[in-house]
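J.: Quick one, protein-v7.cif (mmCIF, C-alpha atoms and all ligand atoms):
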data_work
loop_
_atom_site.group_PDB
_atom_site.id
_atom_site.type_symbol
_atom_site.label_atom_id
_atom_site.label_comp_id
_atom_site.auth_asym_id
_atom_site.auth_seq_id
_atom_site.Cartn_x
_atom_site.Cartn_y
_atom_site.Cartn_z
ATOM 1 C CA MET F 1 14.315 -2.337 4.114
ATOM 2 C CA ARG F 2 13.544 -0.271 7.121
ATOM 3 C CA GLY F 3 14.282 -1.915 10.463
ATOM 4 C CA VAL F 4 11.752 -2.729 13.114
ATOM 5 C CA ILE F 5 10.487 0.316 14.916
ATOM 6 C CA GLY F 6 13.289 0.618 17.421
ATOM 7 C CA SER F 7 12.418 1.100 21.017
ATOM 8 C CA ILE F 8 8.677 1.036 20.445
ATOM 9 C CA VAL F 9 8.705 -2.759 20.145
ATOM 10 C CA CYS F 10 7.973 -3.540 23.828
ATOM 11 C CA VAL F 11 5.418 -0.778 24.114
ATOM 12 C CA GLY F 12 3.909 -1.714 20.754
ATOM 13 C CA ALA F 13 3.568 -5.346 21.793
ATOM 14 C CA ALA F 14 1.714 -4.359 24.925
ATOM 15 C CA VAL F 15 -0.556 -2.010 23.042
ATOM 16 C CA GLY F 16 -1.045 -4.607 20.342
ATOM 17 C CA SER F 17 -2.244 -7.245 22.733
ATOM 18 C CA CYS F 18 -4.654 -4.758 24.282
ATOM 19 C CA LEU F 19 -5.949 -3.567 20.964
ATOM 20 C CA ARG F 20 -6.776 -7.038 19.757
ATOM 21 C CA SER F 21 -10.164 -6.431 21.371
ATOM 22 C CA PRO F 22 -10.358 -2.684 20.935
ATOM 23 C CA ARG F 23 -13.893 -2.329 22.222
ATOM 24 C CA LYS F 24 -12.826 -3.551 25.647
ATOM 25 C CA ILE F 25 -10.310 -0.764 26.177
ATOM 26 C CA GLY F 26 -11.444 2.177 28.206
ATOM 27 C CA ALA F 27 -10.576 5.554 26.727
ATOM 28 C CA PRO F 28 -8.424 6.547 29.738
ATOM 29 C CA ILE F 29 -6.246 3.443 29.338
ATOM 30 C CA LEU F 30 -5.764 4.072 25.641
ATOM 31 C CA LEU F 31 -4.870 7.672 26.390
ATOM 32 C CA LEU F 32 -2.307 6.585 28.960
ATOM 33 C CA LEU F 33 -0.774 4.143 26.491
ATOM 34 C CA MET F 34 -0.598 6.860 23.862
ATOM 35 C CA GLN F 35 1.107 9.201 26.282
ATOM 36 C CA ALA F 36 3.531 6.498 27.352
ATOM 37 C CA CYS F 37 4.357 5.907 23.718
ATOM 38 C CA SER F 38 4.865 9.448 22.628
ATOM 39 C CA GLY F 39 6.914 10.217 25.723
ATOM 40 C CA SER F 40 9.425 7.407 25.473
ATOM 41 C CA ASN F 41 9.730 5.661 22.194
ATOM 42 C CA GLY F 42 10.832 8.026 19.522
ATOM 43 C CA SER F 43 7.424 8.764 18.042
ATOM 44 C CA GLY F 44 7.639 11.970 20.041
ATOM 45 C CA ASP F 45 10.629 14.213 20.286
ATOM 46 C CA GLU F 46 12.731 14.040 23.394
ATOM 47 C CA GLN F 47 14.612 17.254 22.649
ATOM 48 C CA GLY F 48 11.292 19.014 22.413
ATOM 49 C CA GLY F 49 9.811 20.026 19.134
ATOM 50 C CA ALA F 50 11.496 18.391 16.132
ATOM 51 C CA PRO F 51 9.108 19.009 13.251
ATOM 52 C CA ASP F 52 9.188 15.462 11.890
ATOM 53 C CA ARG F 53 7.971 12.792 14.291
ATOM 54 C CA ASP F 54 8.438 9.159 13.352
ATOM 55 C CA LEU F 55 4.825 8.287 14.315
ATOM 56 C CA ALA F 56 5.667 4.636 15.001
ATOM 57 C CA TYR F 57 2.888 4.348 17.547
ATOM 58 C CA GLU F 58 0.314 5.591 15.029
ATOM 59 C CA ARG F 59 1.445 2.834 12.664
ATOM 60 C CA VAL F 60 1.188 0.093 15.285
ATOM 61 C CA ARG F 61 -2.291 1.287 16.142
ATOM 62 C CA MET F 62 -3.311 1.596 12.473
ATOM 63 C CA VAL F 63 -2.228 -2.004 11.882
ATOM 64 C CA GLU F 64 -3.983 -3.374 14.960
ATOM 65 C CA VAL F 65 -7.262 -1.552 14.546
ATOM 66 C CA GLN F 66 -7.693 -1.026 10.805
ATOM 67 C CA LEU F 67 -5.946 -4.145 9.438
ATOM 68 C CA ALA F 68 -5.652 -6.991 11.981
ATOM 69 C CA GLY F 69 -8.941 -5.831 13.521
ATOM 70 C CA ARG F 70 -10.634 -6.371 10.147
ATOM 71 C CA GLY F 71 -9.194 -9.763 9.392
ATOM 72 C CA ILE F 72 -5.873 -9.151 7.636
ATOM 73 C CA ARG F 73 -3.647 -11.964 8.871
ATOM 74 C CA ASP F 74 -0.555 -12.013 6.621
ATOM 75 C CA GLU F 75 2.229 -11.148 9.051
ATOM 76 C CA GLY F 76 4.461 -10.017 6.166
ATOM 77 C CA VAL F 77 1.871 -7.387 5.258
ATOM 78 C CA LEU F 78 1.208 -6.329 8.845
ATOM 79 C CA GLU F 79 4.909 -5.967 9.642
ATOM 80 C CA ALA F 80 5.572 -4.024 6.432
ATOM 81 C CA MET F 81 2.772 -1.598 7.226
ATOM 82 C CA ARG F 82 4.099 -1.110 10.754
ATOM 83 C CA ASN F 83 7.388 -0.058 9.221
ATOM 84 C CA VAL F 84 6.652 2.075 6.147
ATOM 85 C CA ARG F 85 6.358 5.735 7.139
ATOM 86 C CA ARG F 86 3.055 6.401 5.427
ATOM 87 C CA HIS F 87 3.066 10.100 6.342
ATOM 88 C CA ARG F 88 6.173 10.640 4.214
ATOM 89 C CA PHE F 89 4.195 9.632 1.122
ATOM 90 C CA ALA F 90 1.565 12.326 1.575
ATOM 91 C CA PRO F 91 3.551 15.558 1.681
ATOM 92 C CA GLY F 92 1.409 18.536 2.551
ATOM 93 C CA LEU F 93 -0.880 16.486 4.787
ATOM 94 C CA ASP F 94 -0.720 16.859 8.570
ATOM 95 C CA PRO F 95 1.476 13.804 9.339
ATOM 96 C CA ALA F 96 -0.772 12.253 11.986
ATOM 97 C CA ARG F 97 -3.747 12.420 9.598
ATOM 98 C CA ALA F 98 -1.955 10.096 7.193
ATOM 99 C CA TYR F 99 -2.826 7.235 9.583
ATOM 100 C CA GLU F 100 -6.558 7.874 9.488
ATOM 101 C CA ASP F 101 -8.885 5.177 8.191
ATOM 102 C CA ARG F 102 -9.403 6.801 4.787
ATOM 103 C CA PRO F 103 -7.710 7.756 1.518
ATOM 104 C CA HIS F 104 -6.270 11.277 1.180
ATOM 105 C CA PRO F 105 -5.787 13.565 -1.818
ATOM 106 C CA ILE F 106 -2.216 13.732 -3.148
ATOM 107 C CA GLY F 107 -2.793 16.275 -5.929
ATOM 108 C CA HIS F 108 -3.560 15.853 -9.655
ATOM 109 C CA GLY F 109 -7.003 14.505 -8.675
ATOM 110 C CA GLN F 110 -5.417 11.336 -7.241
ATOM 111 C CA THR F 111 -5.312 9.747 -3.792
ATOM 112 C CA ILE F 112 -3.145 7.693 -1.462
ATOM 113 C CA SER F 113 -5.248 4.579 -0.816
ATOM 114 C CA GLN F 114 -6.868 3.834 2.539
ATOM 115 C CA PRO F 115 -4.519 1.701 4.702
ATOM 116 C CA TYR F 116 -6.988 -1.205 4.866
ATOM 117 C CA ILE F 117 -7.231 -1.378 1.079
ATOM 118 C CA VAL F 118 -3.425 -1.410 0.736
ATOM 119 C CA GLY F 119 -3.338 -4.245 3.280
ATOM 120 C CA LEU F 120 -6.147 -6.160 1.576
ATOM 121 C CA MET F 121 -4.540 -5.960 -1.875
ATOM 122 C CA SER F 122 -1.089 -6.822 -0.565
ATOM 123 C CA GLU F 123 -2.454 -9.886 1.246
ATOM 124 C CA ALA F 124 -4.494 -10.957 -1.783
ATOM 125 C CA ALA F 125 -1.309 -10.993 -3.850
ATOM 126 C CA HIS F 126 0.090 -13.864 -1.669
ATOM 127 C CA LEU F 127 3.685 -12.702 -1.731
ATOM 128 C CA ARG F 128 6.762 -14.173 -0.072
ATOM 129 C CA PRO F 129 10.298 -12.947 -0.734
ATOM 130 C CA PRO F 130 11.969 -13.076 -3.114
ATOM 131 C CA CYS F 131 8.986 -11.852 -5.110
ATOM 132 C CA ARG F 132 8.582 -9.709 -8.198
ATOM 133 C CA VAL F 133 5.567 -7.458 -8.439
ATOM 134 C CA LEU F 134 4.179 -5.041 -10.986
ATOM 135 C CA GLU F 135 2.061 -2.171 -9.707
ATOM 136 C CA VAL F 136 -0.043 -0.090 -12.087
ATOM 137 C CA GLY F 137 -0.803 3.328 -10.547
ATOM 138 C CA THR F 138 2.182 4.395 -8.411
ATOM 139 C CA GLY F 139 0.391 7.511 -7.124
ATOM 140 C CA SER F 140 2.041 8.440 -3.828
ATOM 141 C CA GLY F 141 4.426 5.456 -3.930
ATOM 142 C CA TYR F 142 3.053 4.096 -0.640
ATOM 143 C CA GLN F 143 1.767 0.757 -1.958
ATOM 144 C CA ALA F 144 5.071 0.242 -3.772
ATOM 145 C CA ALA F 145 6.962 0.894 -0.526
ATOM 146 C CA VAL F 146 4.809 -1.645 1.338
ATOM 147 C CA LEU F 147 5.538 -4.285 -1.320
ATOM 148 C CA ALA F 148 9.268 -3.482 -1.150
ATOM 149 C CA GLU F 149 9.170 -3.690 2.637
ATOM 150 C CA MET F 150 7.610 -7.171 2.229
ATOM 151 C CA GLY F 151 10.809 -8.171 0.462
ATOM 152 C CA CYS F 152 9.681 -7.886 -3.162
ATOM 153 C CA THR F 153 11.310 -6.238 -6.131
ATOM 154 C CA VAL F 154 8.719 -3.800 -7.406
ATOM 155 C CA TYR F 155 8.100 -2.402 -10.885
ATOM 156 C CA THR F 156 5.616 0.446 -10.796
ATOM 157 C CA ILE F 157 4.082 2.598 -13.538
ATOM 158 C CA GLU F 158 2.320 5.948 -13.172
ATOM 159 C CA ILE F 159 0.523 7.770 -15.959
ATOM 160 C CA VAL F 160 0.757 11.273 -14.389
ATOM 161 C CA GLU F 161 4.374 12.345 -14.907
ATOM 162 C CA ALA F 162 4.482 14.747 -11.956
ATOM 163 C CA LEU F 163 3.376 11.958 -9.615
ATOM 164 C CA ALA F 164 5.835 9.509 -11.132
ATOM 165 C CA SER F 165 8.741 11.834 -10.388
ATOM 166 C CA GLN F 166 7.492 12.894 -6.953
ATOM 167 C CA SER F 167 6.951 9.303 -5.820
ATOM 168 C CA SER F 168 10.317 8.211 -7.139
ATOM 169 C CA GLU F 169 12.034 10.926 -5.065
ATOM 170 C CA ILE F 170 10.120 9.947 -1.939
ATOM 171 C CA LEU F 171 10.778 6.228 -2.448
ATOM 172 C CA ALA F 172 14.501 6.932 -2.770
ATOM 173 C CA ARG F 173 14.509 9.177 0.297
ATOM 174 C CA GLU F 174 12.717 6.512 2.335
ATOM 175 C CA GLY F 175 15.289 3.887 1.364
ATOM 176 C CA TYR F 176 13.387 1.953 -1.323
ATOM 177 C CA GLY F 177 15.262 3.327 -4.330
ATOM 178 C CA GLU F 178 17.031 0.067 -5.177
ATOM 179 C CA GLN F 179 14.072 -2.265 -4.763
ATOM 180 C CA VAL F 180 11.510 -0.140 -6.581
ATOM 181 C CA HIS F 181 11.801 0.572 -10.302
ATOM 182 C CA GLY F 182 9.408 3.269 -11.426
ATOM 183 C CA ARG F 183 8.471 4.768 -14.728
ATOM 184 C CA ALA F 184 6.014 7.252 -16.171
ATOM 185 C CA GLY F 185 3.588 5.870 -18.729
ATOM 186 C CA ASP F 186 0.416 3.888 -19.343
ATOM 187 C CA GLY F 187 0.405 0.722 -17.262
ATOM 188 C CA TYR F 188 -2.085 -0.890 -19.633
ATOM 189 C CA TYR F 189 0.761 -2.608 -21.451
ATOM 190 C CA GLY F 190 2.484 -3.778 -18.271
ATOM 191 C CA TRP F 191 6.280 -4.043 -18.192
ATOM 192 C CA PRO F 192 7.047 -6.925 -20.576
ATOM 193 C CA GLU F 193 10.852 -6.607 -20.265
ATOM 194 C CA ALA F 194 10.632 -7.315 -16.528
ATOM 195 C CA ALA F 195 7.870 -9.987 -16.713
ATOM 196 C CA PRO F 196 6.879 -12.513 -15.490
ATOM 197 C CA PHE F 197 5.601 -11.272 -12.126
ATOM 198 C CA ASP F 198 4.385 -13.170 -9.070
ATOM 199 C CA ALA F 199 1.674 -10.546 -8.782
ATOM 200 C CA VAL F 200 0.283 -7.568 -10.637
ATOM 201 C CA ILE F 201 -1.559 -5.024 -8.492
ATOM 202 C CA VAL F 202 -3.656 -2.391 -10.238
ATOM 203 C CA THR F 203 -4.587 0.515 -7.977
ATOM 204 C CA ALA F 204 -6.927 2.330 -10.379
ATOM 205 C CA ALA F 205 -10.373 1.144 -11.493
ATOM 206 C CA ALA F 206 -10.486 -0.620 -14.847
ATOM 207 C CA PRO F 207 -13.714 -0.871 -16.861
ATOM 208 C CA ARG F 208 -12.557 -4.308 -18.067
ATOM 209 C CA LEU F 209 -9.645 -6.680 -17.549
ATOM 210 C CA PRO F 210 -6.434 -5.619 -19.295
ATOM 211 C CA GLU F 211 -5.466 -8.929 -20.952
ATOM 212 C CA GLU F 212 -1.837 -7.864 -21.379
ATOM 213 C CA LEU F 213 -1.391 -7.833 -17.613
ATOM 214 C CA LEU F 214 -2.708 -11.389 -17.224
ATOM 215 C CA GLU F 215 -0.133 -12.570 -19.719
ATOM 216 C CA GLN F 216 2.704 -11.130 -17.616
ATOM 217 C CA LEU F 217 1.929 -13.358 -14.602
ATOM 218 C CA THR F 218 3.908 -16.442 -13.601
ATOM 219 C CA VAL F 219 1.923 -19.680 -13.306
ATOM 220 C CA GLY F 220 0.472 -19.381 -9.786
ATOM 221 C CA GLY F 221 0.751 -15.576 -9.974
ATOM 222 C CA ARG F 222 -2.163 -13.284 -9.175
ATOM 223 C CA LEU F 223 -3.642 -10.152 -10.724
ATOM 224 C CA VAL F 224 -5.408 -8.017 -8.100
ATOM 225 C CA ILE F 225 -7.584 -5.365 -9.734
ATOM 226 C CA PRO F 226 -10.682 -3.251 -9.095
ATOM 227 C CA VAL F 227 -13.057 -3.749 -12.025
ATOM 228 C CA GLY F 228 -16.071 -1.564 -12.633
ATOM 229 C CA ASP F 229 -17.273 1.972 -13.048
ATOM 230 C CA ILE F 230 -17.904 4.304 -10.058
ATOM 231 C CA TRP F 231 -18.090 1.408 -7.604
ATOM 232 C CA GLN F 232 -15.944 -1.601 -8.373
ATOM 233 C CA VAL F 233 -15.377 -5.189 -7.325
ATOM 234 C CA LEU F 234 -11.869 -6.087 -6.223
ATOM 235 C CA GLU F 235 -11.084 -9.157 -8.321
ATOM 236 C CA VAL F 236 -8.254 -11.683 -8.059
ATOM 237 C CA HIS F 237 -7.242 -13.681 -11.139
ATOM 238 C CA ARG F 238 -4.823 -16.522 -10.440
ATOM 239 C CA ARG F 239 -2.924 -17.974 -13.363
ATOM 240 C CA THR F 240 -2.981 -21.769 -13.481
ATOM 241 C CA GLU F 241 -1.429 -24.274 -15.923
ATOM 242 C CA GLU F 242 -4.766 -24.370 -17.755
ATOM 243 C CA GLY F 243 -5.907 -20.747 -17.612
ATOM 244 C CA TYR F 244 -7.100 -18.356 -14.900
ATOM 245 C CA GLU F 245 -9.212 -18.723 -11.753
ATOM 246 C CA ARG F 246 -11.264 -15.698 -10.774
ATOM 247 C CA SER F 247 -12.403 -14.735 -7.280
ATOM 248 C CA GLU F 248 -13.922 -11.610 -5.755
ATOM 249 C CA LEU F 249 -12.784 -9.879 -2.577
ATOM 250 C CA SER F 250 -15.045 -6.921 -1.840
ATOM 251 C CA GLY F 251 -16.693 -3.797 -3.142
ATOM 252 C CA VAL F 252 -14.236 -0.886 -3.459
ATOM 253 C CA ARG F 253 -13.966 2.623 -4.821
ATOM 254 C CA PHE F 254 -10.821 3.650 -6.699
ATOM 255 C CA VAL F 255 -9.996 6.556 -9.008
ATOM 256 C CA PRO F 256 -10.404 5.531 -12.663
ATOM 257 C CA MET F 257 -7.677 3.893 -14.707
ATOM 258 C CA THR F 258 -7.077 6.185 -17.685
ATOM 259 C CA GLY F 259 -5.242 5.789 -21.001
ATOM 260 C CA GLU F 260 -5.563 2.944 -23.494
ATOM 261 C CA ILE F 261 -8.093 0.965 -21.424
ATOM 262 C CA ARG F 262 -10.652 3.703 -22.195
ATOM 263 C CA GLN F 263 -10.332 3.234 -25.954
ATOM 264 C CA GLY F 264 -12.921 1.028 -27.663
ATOM 265 C CA ARG F 265 -11.593 -2.258 -29.002
HETATM 266 N N1 LIG I 301 -1.027 2.989 -5.335
HETATM 267 C C1 LIG I 301 -1.280 4.362 -5.001
HETATM 268 C C2 LIG I 301 -2.722 4.762 -5.220
HETATM 269 C C3 LIG I 301 -2.768 5.543 -6.434
HETATM 270 S S1 LIG I 301 -4.304 6.151 -6.998
HETATM 271 C C4 LIG I 301 -0.802 4.707 -3.632
HETATM 272 O O1 LIG I 301 -0.333 3.827 -2.898
HETATM 273 O O2 LIG I 301 -0.836 5.875 -3.293
HETATM 274 C C5 LIG I 301 -4.224 5.497 -8.652
HETATM 275 C C6 LIG I 301 -3.125 6.022 -9.525
HETATM 276 O O3 LIG I 301 -3.237 5.346 -10.764
HETATM 277 C C7 LIG I 301 -3.193 7.512 -9.833
HETATM 278 O O4 LIG I 301 -2.003 8.125 -9.466
HETATM 279 C C8 LIG I 301 -3.403 7.551 -11.349
HETATM 280 O O5 LIG I 301 -2.769 8.638 -11.975
HETATM 281 C C9 LIG I 301 -2.804 6.227 -11.775
HETATM 282 N N2 LIG I 301 -3.252 5.709 -13.083
HETATM 283 C C10 LIG I 301 -4.487 5.785 -13.633
HETATM 284 N N3 LIG I 301 -4.492 5.164 -14.825
HETATM 285 C C11 LIG I 301 -3.240 4.682 -15.053
HETATM 286 C C12 LIG I 301 -2.621 3.960 -16.109
HETATM 287 N N4 LIG I 301 -3.293 3.600 -17.222
HETATM 288 N N5 LIG I 301 -1.323 3.623 -15.985
HETATM 289 C C13 LIG I 301 -0.614 3.986 -14.879
HETATM 290 N N6 LIG I 301 -1.143 4.689 -13.851
HETATM 291 C C14 LIG I 301 -2.445 5.018 -13.920
#
Using structure tokens, write down the structure that the file contains.

T.:
Amino acid sequence: MRGVIGSIVCVGAAVGSCLRSPRKIGAPILLLLMQACSGSNGSGDEQGGAPDRDLAYERVRMVEVQLAGRGIRDEGVLEAMRNVRRHRFAPGLDPARAYEDRPHPIGHGQTISQPYIVGLMSEAAHLRPPCRVLEVGTGSGYQAAVLAEMGCTVYTIEIVEALASQSSEILAREGYGEQVHGRAGDGYYGWPEAAPFDAVIVTAAAPRLPEELLEQLTVGGRLVIPVGDIWQVLEVHRRTEEGYERSELSGVRFVPMTGEIRQGR
């Protein structure tokens, strides 16, 4: 797992406490804080002009404003998202833009999910290490990295082969190669050899619930999945001794789940 963000910690804490009520901050103060950060904490380049900035300050700010500011409370999730270098998972995108409050295209008609949605799904999965998670829809690999950073062993499946291999390279480069097991294929069938999982997170929209995934949960485990057509509802299905309990989180918009789920039954 990646360590805490080095020398930003004191600066980040100060910024964090300010940003807890973002509307009260005057723009000049925020600007000063941003300058202080990029000048002294490694998110900028002290030698002048290294092409790859660490962008730690952008992550602290993303977490405060987009996640904590909207009610995400799980400190394991917040800390993981302060640490995973999101911009590394969207090659080709201007690095600072990776921290914007929106999804971004990653090629092959797919997207890296909006930070808030990654936070929401990760929190809804209720994970504490040591945890085992299945993700369906690796895409950029970012969600998988966040789950690994939370201390979980992650199994992740991607139906587009080019994305499966690209994300596996990036995950290895970012230090998650041992914790994340990836494969190319249709996630509809889950990963029975590695089951049961404490959570299954599906990051593509399913027209109906894939029953096979429910069966791969531990008792107490949760399936987090967007269900619907163009707009979906983010559903959570918790396995109990007797069956499953269903709850709804919010309206969402994901790219469609493809493959077997689209076949009539
Ligand atoms: N979790 C990703 C978001 C990926 S977008 C991230 O953090 O970036 C959804 C992904 O699901 C796409 O890459 C798409 O190709 C993939 N997908 C769609 N249907 C799938 C299926 N049946 N099995 C596995 N992956 C699927």

J.: Given the choices F:Arg82, F:Arg246, F:Arg61, F:His104, which gets closest to ligand LIG 301 (chain I) if the distance is worked out from all atoms listed in the file?

T.: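 Checking each of F:Arg82, F:Arg246, F:Arg61, F:His104 against ligand LIG 301 (chain I), counting all atoms listed in the file, the winner is F:His104.
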
J.: For ligand LIG 301 (chain I), which of F:Glu149, F:Glu245, F:Glu158, F:Glu123 is the closest residue, counting only C-alpha atoms and all ligand atoms?

T.: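 Comparing F:Glu149, F:Glu245, F:Glu158, F:Glu123 against ligand LIG 301 (chain I), the winner is F:Glu158.
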
J.: Residues within 9 Å of ligand LIG 301 (chain I) (only C-alpha atoms and all ligand atoms), as a VMD selection string?

T.: chain F and resid 89 to 90 103 to 104 106 to 115 118 135 to 146 156 to 161 163 to 164 167 184 to 190 201 to 206 254 to 262

J.: For the residues selected in the previous step, produce a file with C-alpha atoms as a CSV table (one decimal), in the coordinates of the input.

T.:
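Saved to result.csv:
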chain,number,residue,atom,x,y,z
F,89,PHE,CA,4.2,9.6,1.1
F,90,ALA,CA,1.6,12.3,1.6
F,103,PRO,CA,-7.7,7.8,1.5
F,104,HIS,CA,-6.3,11.3,1.2
F,106,ILE,CA,-2.2,13.7,-3.1
F,107,GLY,CA,-2.8,16.3,-5.9
F,108,HIS,CA,-3.6,15.9,-9.7
F,109,GLY,CA,-7.0,14.5,-8.7
F,110,GLN,CA,-5.4,11.3,-7.2
F,111,THR,CA,-5.3,9.7,-3.8
F,112,ILE,CA,-3.1,7.7,-1.5
F,113,SER,CA,-5.2,4.6,-0.8
F,114,GLN,CA,-6.9,3.8,2.5
F,115,PRO,CA,-4.5,1.7,4.7
F,118,VAL,CA,-3.4,-1.4,0.7
F,135,GLU,CA,2.1,-2.2,-9.7
F,136,VAL,CA,0.0,-0.1,-12.1
F,137,GLY,CA,-0.8,3.3,-10.5
F,138,THR,CA,2.2,4.4,-8.4
F,139,GLY,CA,0.4,7.5,-7.1
F,140,SER,CA,2.0,8.4,-3.8
F,141,GLY,CA,4.4,5.5,-3.9
F,142,TYR,CA,3.1,4.1,-0.6
F,143,GLN,CA,1.8,0.8,-2.0
F,144,ALA,CA,5.1,0.2,-3.8
F,145,ALA,CA,7.0,0.9,-0.5
F,146,VAL,CA,4.8,-1.6,1.3
F,156,THR,CA,5.6,0.4,-10.8
F,157,ILE,CA,4.1,2.6,-13.5
F,158,GLU,CA,2.3,5.9,-13.2
F,159,ILE,CA,0.5,7.8,-16.0
F,160,VAL,CA,0.8,11.3,-14.4
F,161,GLU,CA,4.4,12.3,-14.9
F,163,LEU,CA,3.4,12.0,-9.6
F,164,ALA,CA,5.8,9.5,-11.1
F,167,SER,CA,7.0,9.3,-5.8
F,184,ALA,CA,6.0,7.3,-16.2
F,185,GLY,CA,3.6,5.9,-18.7
F,186,ASP,CA,0.4,3.9,-19.3
F,187,GLY,CA,0.4,0.7,-17.3
F,188,TYR,CA,-2.1,-0.9,-19.6
F,189,TYR,CA,0.8,-2.6,-21.5
F,190,GLY,CA,2.5,-3.8,-18.3
F,201,ILE,CA,-1.6,-5.0,-8.5
F,202,VAL,CA,-3.7,-2.4,-10.2
F,203,THR,CA,-4.6,0.5,-8.0
F,204,ALA,CA,-6.9,2.3,-10.4
F,205,ALA,CA,-10.4,1.1,-11.5
F,206,ALA,CA,-10.5,-0.6,-14.8
F,254,PHE,CA,-10.8,3.6,-6.7
F,255,VAL,CA,-10.0,6.6,-9.0
F,256,PRO,CA,-10.4,5.5,-12.7
F,257,MET,CA,-7.7,3.9,-14.7
F,258,THR,CA,-7.1,6.2,-17.7
F,259,GLY,CA,-5.2,5.8,-21.0
F,260,GLU,CA,-5.6,2.9,-23.5
F,261,ILE,CA,-8.1,1.0,-21.4
F,262,ARG,CA,-10.7,3.7,-22.2

J.: Suppose you want the space between CA of Gln263 in chain F and CA of Leu214 in chain F; what is it in Å?

T.: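 It comes out at 18.7 Å.
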
J.: One decimal, in Å: what's the spacing between CA of Ile72 in chain F and CA of Cys131 in chain F?

T.: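 Going from CA of Ile72 in chain F over to CA of Cys131 in chain F, I get 19.8 Å.
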
J.: So which residues are close to (11.9, 12.4, 3.5), meaning at most 7 Å away in the file's coordinates with only C-alpha atoms counted, and can you show them as a PDB file with C-alpha atoms, keeping the file's coordinate frame?

T.:
ATOM      1  CA  ARG F  88       6.173  10.640   4.214  1.00  0.00           C
ATOM      2  CA  ILE F 170      10.120   9.947  -1.939  1.00  0.00           C
ATOM      3  CA  ARG F 173      14.509   9.177   0.297  1.00  0.00           C
ATOM      4  CA  GLU F 174      12.717   6.512   2.335  1.00  0.00           C
TER       5      GLU F 174
END

J.: Suppose a student applies the PyMOL selection byres (((chain F and resi 194) around 9) and not hetatm) to this structure; what residues should they get, written as a PyMOL selection string?

T.: chain F and resi 132+134+155+191-193+195-197+216

J.: May I ask for the distance between CA of Gly182 in chain F and CA of Pro105 in chain F, given in Å to one decimal place?

T.: 20.7 Å

J.: Of the candidates F:Ala56, F:Leu120, F:Leu249, F:Val77, which shows the shortest atom-to-atom distance to Tyr99 in chain F, using only C-alpha atoms?

T.: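 Of all the options, F:Ala56 lies closest to Tyr99 in chain F.
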
J.: Can you tell me, as a list in words, which residues sit within 7 Å of (-12.2, -2.0, -9.1) in the file's frame, using all atoms listed in the file?

T.: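 Nearby residues: Ala204, Ala205, Ala206, Ile225, Pro226, Val227, Gly228, Trp231, Gln232, Val233, Leu234, Val252, Arg253 and Phe254 of chain F.
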
J.: Under the rule that all atoms listed in the file are counted, which of F:Glu169, F:Asp198, F:Glu215, F:Asp101 is the nearest residue to Leu147 in chain F?

T.: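 Going through F:Glu169, F:Asp198, F:Glu215, F:Asp101 one by one, the smallest distance to Leu147 in chain F is for F:Asp198.
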
J.: Might you spell out which residues the PyMOL selection byres (((chain F and resi 63) around 12) and not hetatm) would select in the displayed file, as an mmCIF file with C-alpha atoms, in the frame of the given file?

T.:
data_model
loop_
_atom_site.group_PDB
_atom_site.id
_atom_site.type_symbol
_atom_site.label_atom_id
_atom_site.label_comp_id
_atom_site.auth_asym_id
_atom_site.auth_seq_id
_atom_site.Cartn_x
_atom_site.Cartn_y
_atom_site.Cartn_z
ATOM 1 C CA GLY F 12 3.909 -1.714 20.754
ATOM 2 C CA ALA F 13 3.568 -5.346 21.793
ATOM 3 C CA VAL F 15 -0.556 -2.010 23.042
ATOM 4 C CA GLY F 16 -1.045 -4.607 20.342
ATOM 5 C CA LEU F 19 -5.949 -3.567 20.964
ATOM 6 C CA ARG F 20 -6.776 -7.038 19.757
ATOM 7 C CA ALA F 56 5.667 4.636 15.001
ATOM 8 C CA TYR F 57 2.888 4.348 17.547
ATOM 9 C CA GLU F 58 0.314 5.591 15.029
ATOM 10 C CA ARG F 59 1.445 2.834 12.664
ATOM 11 C CA VAL F 60 1.188 0.093 15.285
ATOM 12 C CA ARG F 61 -2.291 1.287 16.142
ATOM 13 C CA MET F 62 -3.311 1.596 12.473
ATOM 14 C CA GLU F 64 -3.983 -3.374 14.960
ATOM 15 C CA VAL F 65 -7.262 -1.552 14.546
ATOM 16 C CA GLN F 66 -7.693 -1.026 10.805
ATOM 17 C CA LEU F 67 -5.946 -4.145 9.438
ATOM 18 C CA ALA F 68 -5.652 -6.991 11.981
ATOM 19 C CA GLY F 69 -8.941 -5.831 13.521
ATOM 20 C CA ARG F 70 -10.634 -6.371 10.147
ATOM 21 C CA GLY F 71 -9.194 -9.763 9.392
ATOM 22 C CA ILE F 72 -5.873 -9.151 7.636
ATOM 23 C CA ARG F 73 -3.647 -11.964 8.871
ATOM 24 C CA ASP F 74 -0.555 -12.013 6.621
ATOM 25 C CA GLU F 75 2.229 -11.148 9.051
ATOM 26 C CA GLY F 76 4.461 -10.017 6.166
ATOM 27 C CA VAL F 77 1.871 -7.387 5.258
ATOM 28 C CA LEU F 78 1.208 -6.329 8.845
ATOM 29 C CA GLU F 79 4.909 -5.967 9.642
ATOM 30 C CA ALA F 80 5.572 -4.024 6.432
ATOM 31 C CA MET F 81 2.772 -1.598 7.226
ATOM 32 C CA ARG F 82 4.099 -1.110 10.754
ATOM 33 C CA ASN F 83 7.388 -0.058 9.221
ATOM 34 C CA VAL F 84 6.652 2.075 6.147
ATOM 35 C CA ARG F 86 3.055 6.401 5.427
ATOM 36 C CA TYR F 99 -2.826 7.235 9.583
ATOM 37 C CA GLU F 100 -6.558 7.874 9.488
ATOM 38 C CA ASP F 101 -8.885 5.177 8.191
ATOM 39 C CA GLN F 114 -6.868 3.834 2.539
ATOM 40 C CA PRO F 115 -4.519 1.701 4.702
ATOM 41 C CA TYR F 116 -6.988 -1.205 4.866
ATOM 42 C CA ILE F 117 -7.231 -1.378 1.079
ATOM 43 C CA VAL F 118 -3.425 -1.410 0.736
ATOM 44 C CA GLY F 119 -3.338 -4.245 3.280
ATOM 45 C CA LEU F 120 -6.147 -6.160 1.576
#
